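Below: the structure, in structure tokens.
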Amino acid sequence: MMKIAIVFTLILLILQNQKSIGQDCLLDSIGNKKIVYNEFNKPILIQYKDNFYEHGGQVTVYSQINYSIDNNLSSISNYVVDLSGDTIIKPSITQRFEFVNNKLSKIIDTYANSDDIVWENDKIIEYKYYYWANNVIDSSQTRILKYKYANDNVDNMLYKELTGYLFMDLYFSYDSFINPYYKSDLAIIEGSLTEYSCKNNWLKSDGTGDFAVKANRIISYNKYNYPTKIISDYGNGNKSTQTFSYRIINSIVNKSYSDKISIYPNPACDYINIANKTNERINSVSIIDLHGRIIRQFLNSDKISVDGIENGIYFIKLILEKQTIVSKVMIKSS
């Protein structure tokens with residue numbers, strides 16, 4: 001029940017114009033789950049080993065993360081491959097996501113719908129959890145979650161049935177370090193709404209309700225203040241341990257470089273111009289679609305043709321002598 005209460009899988013960061021690739025630490029694995037990224041550091045696949053004895057032992061489980069043409073999270077597909085490389089469980093969509101004005105509006109999975117999501121500025125403050133029963137919503141089990149914030153973290157989570165039955169009324173306290181799930185696509189696989197919504201790592205939770213527990217966490221950090229191990233004690237005899245590893249990305253210089261690169265016009269009809277005010281030469285320019293495919297590539301050019309490219313949203317990837325910068329553009333033929 002605790003898992004049902006706090007697992008609310010969520011969304012992606014929208015790449016904005018002139019945004020450089022990466023962050024200081026990119027989450028590379030969670031326990032035995034290995035994360036695969038596209039060239040914009042967006043997770044597209046998570047894989048891990050498991051034992052399926054009915055299929056002869058160890059298998060590899062894959063979760064493929066799919067995005068819409070608007071670069072919003074679209075769905076998650078799972079499949080399983082055995083040691084011989086044969087797909088023993090075919091790909092199937094386990095979750096679907098809907099967005100309105102680039103804000104999450106619904107999560108649909110096999111067991112329930114997370115719907116009626118209420119946003120206040122950039123924070124989710126309420127949603128309802130509708131259970132499925134025989135392919136229809138069982139209104140007798142409809143549950144609601146409400147959130148209150150203190151600074152940049154969830155302060156209170158209220159979880160109850162619409163009948164008034166209280167599951168949990170939790171309060172959280174936090175450290176001052178970096179939560180690797182914050183506003184991350186990875187929350188759709190491993191994190192919870194609390195982790196998605198909070199810049200820091202929660203250390204304690206306390207509250208009332210039939211399923212409320214007093215939880216405490218001990219967290220180990222690397223030199224960048226990202227967690228490497230989280231040990232959670234739920235005070236009822238249950239404990240869990242999570243481990244994390246990272247790829248270190250030096251993006252501090254990139255952020256300043258993005259202010260010295262101008263890409264125009266946007267939308268573009270025939271050509272895209274690149275104004276470079278850095279001291280570095282642009283070695284290559286690539287036009288890349290939302291699936292990560294290179295549509296066109298140019299060497300040492302400050303004016304590139306988009307003639308013949310279908311209308312839509314694309315990324316312009318600039319490789320300089322020391323830096324890489326990615327910008328989002330719209331191509332709209334005249």
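Quick note on naming: the chains in the structure tokens go A, B, ... in the order shown, residues restart at 1 in each chain, and ligands are numbered from 1 in order of appearance.
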Who sits within 12 Å of Lys33 in chain A, only C-alpha atoms, same chain under 5 positions skipped, as a compact mmCIF listing (two decimals) with C-alpha atoms, in the first residue's frame:
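Okay, this is what ended up in out_35.txt:
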# COMPACT_ATOMS: atom_id res chain seq x y z
CA LEU A 27 22.37 9.04 -13.34
CA ASP A 28 23.88 5.99 -15.00
CA LEU A 45 15.95 2.49 -22.32
CA ILE A 46 16.40 0.85 -18.93
CA GLN A 47 17.63 -2.73 -18.73
CA TYR A 48 18.40 -5.19 -15.96
CA LYS A 49 19.00 -8.88 -15.35
CA ASP A 50 16.41 -11.09 -13.70
CA THR A 60 17.24 -9.31 -19.60
CA VAL A 61 14.24 -7.10 -18.98
CA TYR A 62 13.91 -3.91 -21.02
CA SER A 63 11.77 -0.82 -20.49
CA LEU A 186 13.81 8.65 -14.62
CA ILE A 189 10.72 4.17 -13.88
CA GLU A 190 12.07 4.31 -10.35
CA GLN A 242 19.13 1.75 -3.22
CA THR A 243 22.48 2.33 -4.93
CA PHE A 244 23.26 4.88 -7.62
CA SER A 245 26.11 5.49 -10.03
Q.
I'd like to know which residues of range 123-235 of chain A are helix (DSSP H, G or I) (by DSSP, run on the backbone); could you write them as a ChimeraX atom specification?
A. /A:139-141,185-188,193-197
Requested write-out: C-alpha atoms of the selected residues, as a short mmCIF file (atom, residue, chain, number, x, y, z; two decimals), in the first residue's frame:
data_model
loop_
_atom_site.label_atom_id
_atom_site.label_comp_id
_atom_site.auth_asym_id
_atom_site.auth_seq_id
_atom_site.Cartn_x
_atom_site.Cartn_y
_atom_site.Cartn_z
CA SER A 139 -15.64 4.43 -8.48
CA SER A 140 -15.89 2.86 -5.04
CA GLN A 141 -12.07 2.75 -4.91
CA ASP A 185 12.38 11.34 -16.86
CA LEU A 186 13.81 8.65 -14.62
CA ALA A 187 11.02 9.20 -12.12
CA ILE A 188 8.76 7.35 -14.52
CA LEU A 193 6.06 12.04 -6.92
CA THR A 194 7.97 13.12 -3.83
CA GLU A 195 11.30 12.49 -5.53
CA TYR A 196 10.14 14.06 -8.78
CA SER A 197 8.83 17.19 -7.10
#
(Q) Residues within 12 Å of Tyr221 in chain A, please, as a PyMOL selection string. Count only C-alpha atoms; anything in the same chain fewer than 5 positions from it doesn't count. (A) chain A and resi 175-180+201+226-230+243-246
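Nearest to Phe172 in chain A of all the residues A:Ile65, A:Ile309, A:Ala133, A:Ala215 is A:Ala215, based on only C-alpha atoms.
Shortest separation to Asn51 in chain A among A:Ser75, A:Lys199, A:Ile274, A:Val80 occurs at residue A:Val80, atoms counted being only C-alpha atoms.
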Q. Could you name the residues that touch Asn135 in chain A at 12 Å or less, counting only C-alpha atoms, but leaving out those on the same chain fewer than 2 positions away, as JSON, numbers by chain?
A. {"A": [109, 110, 111, 112, 113, 130, 131, 132, 133, 137, 138]}
Would you write out those residues with N, CA and C atoms, as a PDB file, in the first residue's frame?
ATOM      1  N   ASP A 109      -2.406   3.110 -16.908  1.00  0.00           N
ATOM      2  CA  ASP A 109      -1.722   1.823 -16.884  1.00  0.00           C
ATOM      3  C   ASP A 109      -2.748   0.708 -16.743  1.00  0.00           C
ATOM      4  N   THR A 110      -2.270  -0.504 -16.487  1.00  0.00           N
ATOM      5  CA  THR A 110      -3.134  -1.680 -16.487  1.00  0.00           C
ATOM      6  C   THR A 110      -4.129  -1.662 -15.345  1.00  0.00           C
ATOM      7  N   TYR A 111      -3.754  -1.074 -14.223  1.00  0.00           N
ATOM      8  CA  TYR A 111      -4.545  -1.196 -13.003  1.00  0.00           C
ATOM      9  C   TYR A 111      -5.315   0.063 -12.640  1.00  0.00           C
ATOM     10  N   ALA A 112      -4.819   1.219 -13.040  1.00  0.00           N
ATOM     11  CA  ALA A 112      -5.454   2.457 -12.585  1.00  0.00           C
ATOM     12  C   ALA A 112      -5.089   3.609 -13.510  1.00  0.00           C
ATOM     13  N   ASN A 113      -5.885   4.661 -13.419  1.00  0.00           N
ATOM     14  CA  ASN A 113      -5.601   5.920 -14.099  1.00  0.00           C
ATOM     15  C   ASN A 113      -5.284   6.991 -13.067  1.00  0.00           C
ATOM     16  N   TYR A 130      -7.833   6.429 -10.128  1.00  0.00           N
ATOM     17  CA  TYR A 130      -9.019   5.667 -10.486  1.00  0.00           C
ATOM     18  C   TYR A 130      -8.628   4.216 -10.794  1.00  0.00           C
ATOM     19  N   TYR A 131      -9.174   3.269 -10.068  1.00  0.00           N
ATOM     20  CA  TYR A 131      -8.870   1.848 -10.277  1.00  0.00           C
ATOM     21  C   TYR A 131      -9.756   1.251 -11.363  1.00  0.00           C
ATOM     22  N   TRP A 132      -9.145   0.321 -12.117  1.00  0.00           N
ATOM     23  CA  TRP A 132      -9.894  -0.440 -13.109  1.00  0.00           C
ATOM     24  C   TRP A 132     -10.453  -1.713 -12.485  1.00  0.00           C
ATOM     25  N   ALA A 133     -11.664  -2.098 -12.884  1.00  0.00           N
ATOM     26  CA  ALA A 133     -12.259  -3.378 -12.499  1.00  0.00           C
ATOM     27  C   ALA A 133     -13.077  -3.871 -13.686  1.00  0.00           C
ATOM     28  N   ILE A 137     -13.893   1.748 -14.689  1.00  0.00           N
ATOM     29  CA  ILE A 137     -13.422   2.373 -13.461  1.00  0.00           C
ATOM     30  C   ILE A 137     -14.330   1.984 -12.293  1.00  0.00           C
ATOM     31  N   ASP A 138     -13.727   1.502 -11.222  1.00  0.00           N
ATOM     32  CA  ASP A 138     -14.441   1.161 -10.005  1.00  0.00           C
ATOM     33  C   ASP A 138     -14.466   2.409  -9.111  1.00  0.00           C
TER      34      ASP A 138
END
Q) If you run DSSP on this backbone, which residues of range 112-214 of chain A come out as strand (DSSP E or B), and could you give them as a PyMOL selection string? A) chain A and resi 112-120+123-133+136-137+143-150+153-161+166-174+202-208
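Shortest separation to Ser114 in chain A among A:Ala212, A:Ile144, A:Ile331, A:Leu83 occurs at residue A:Ile144, atoms counted being only C-alpha atoms.
Residue nearest Ser192 in chain A, chosen from A:Thr142, A:Tyr174, A:Val154, A:Lys260 and counting only C-alpha atoms: A:Val154.
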Q. Quick one, how far is CA of Gln95 in chain A from CA of Ile117 in chain A?
A. 16.4 Å
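Candidate residues A:Ile248, A:Val213, A:Leu170, A:Ile316 were compared for distance to Asp233 in chain A, and the nearest is A:Val213, using only C-alpha atoms.
Distance annotation: of A:Ile219, A:Ile76, A:Ala268, A:Leu318, the residue with the minimal separation from Ser286 in chain A is A:Leu318; atom set is only C-alpha atoms.
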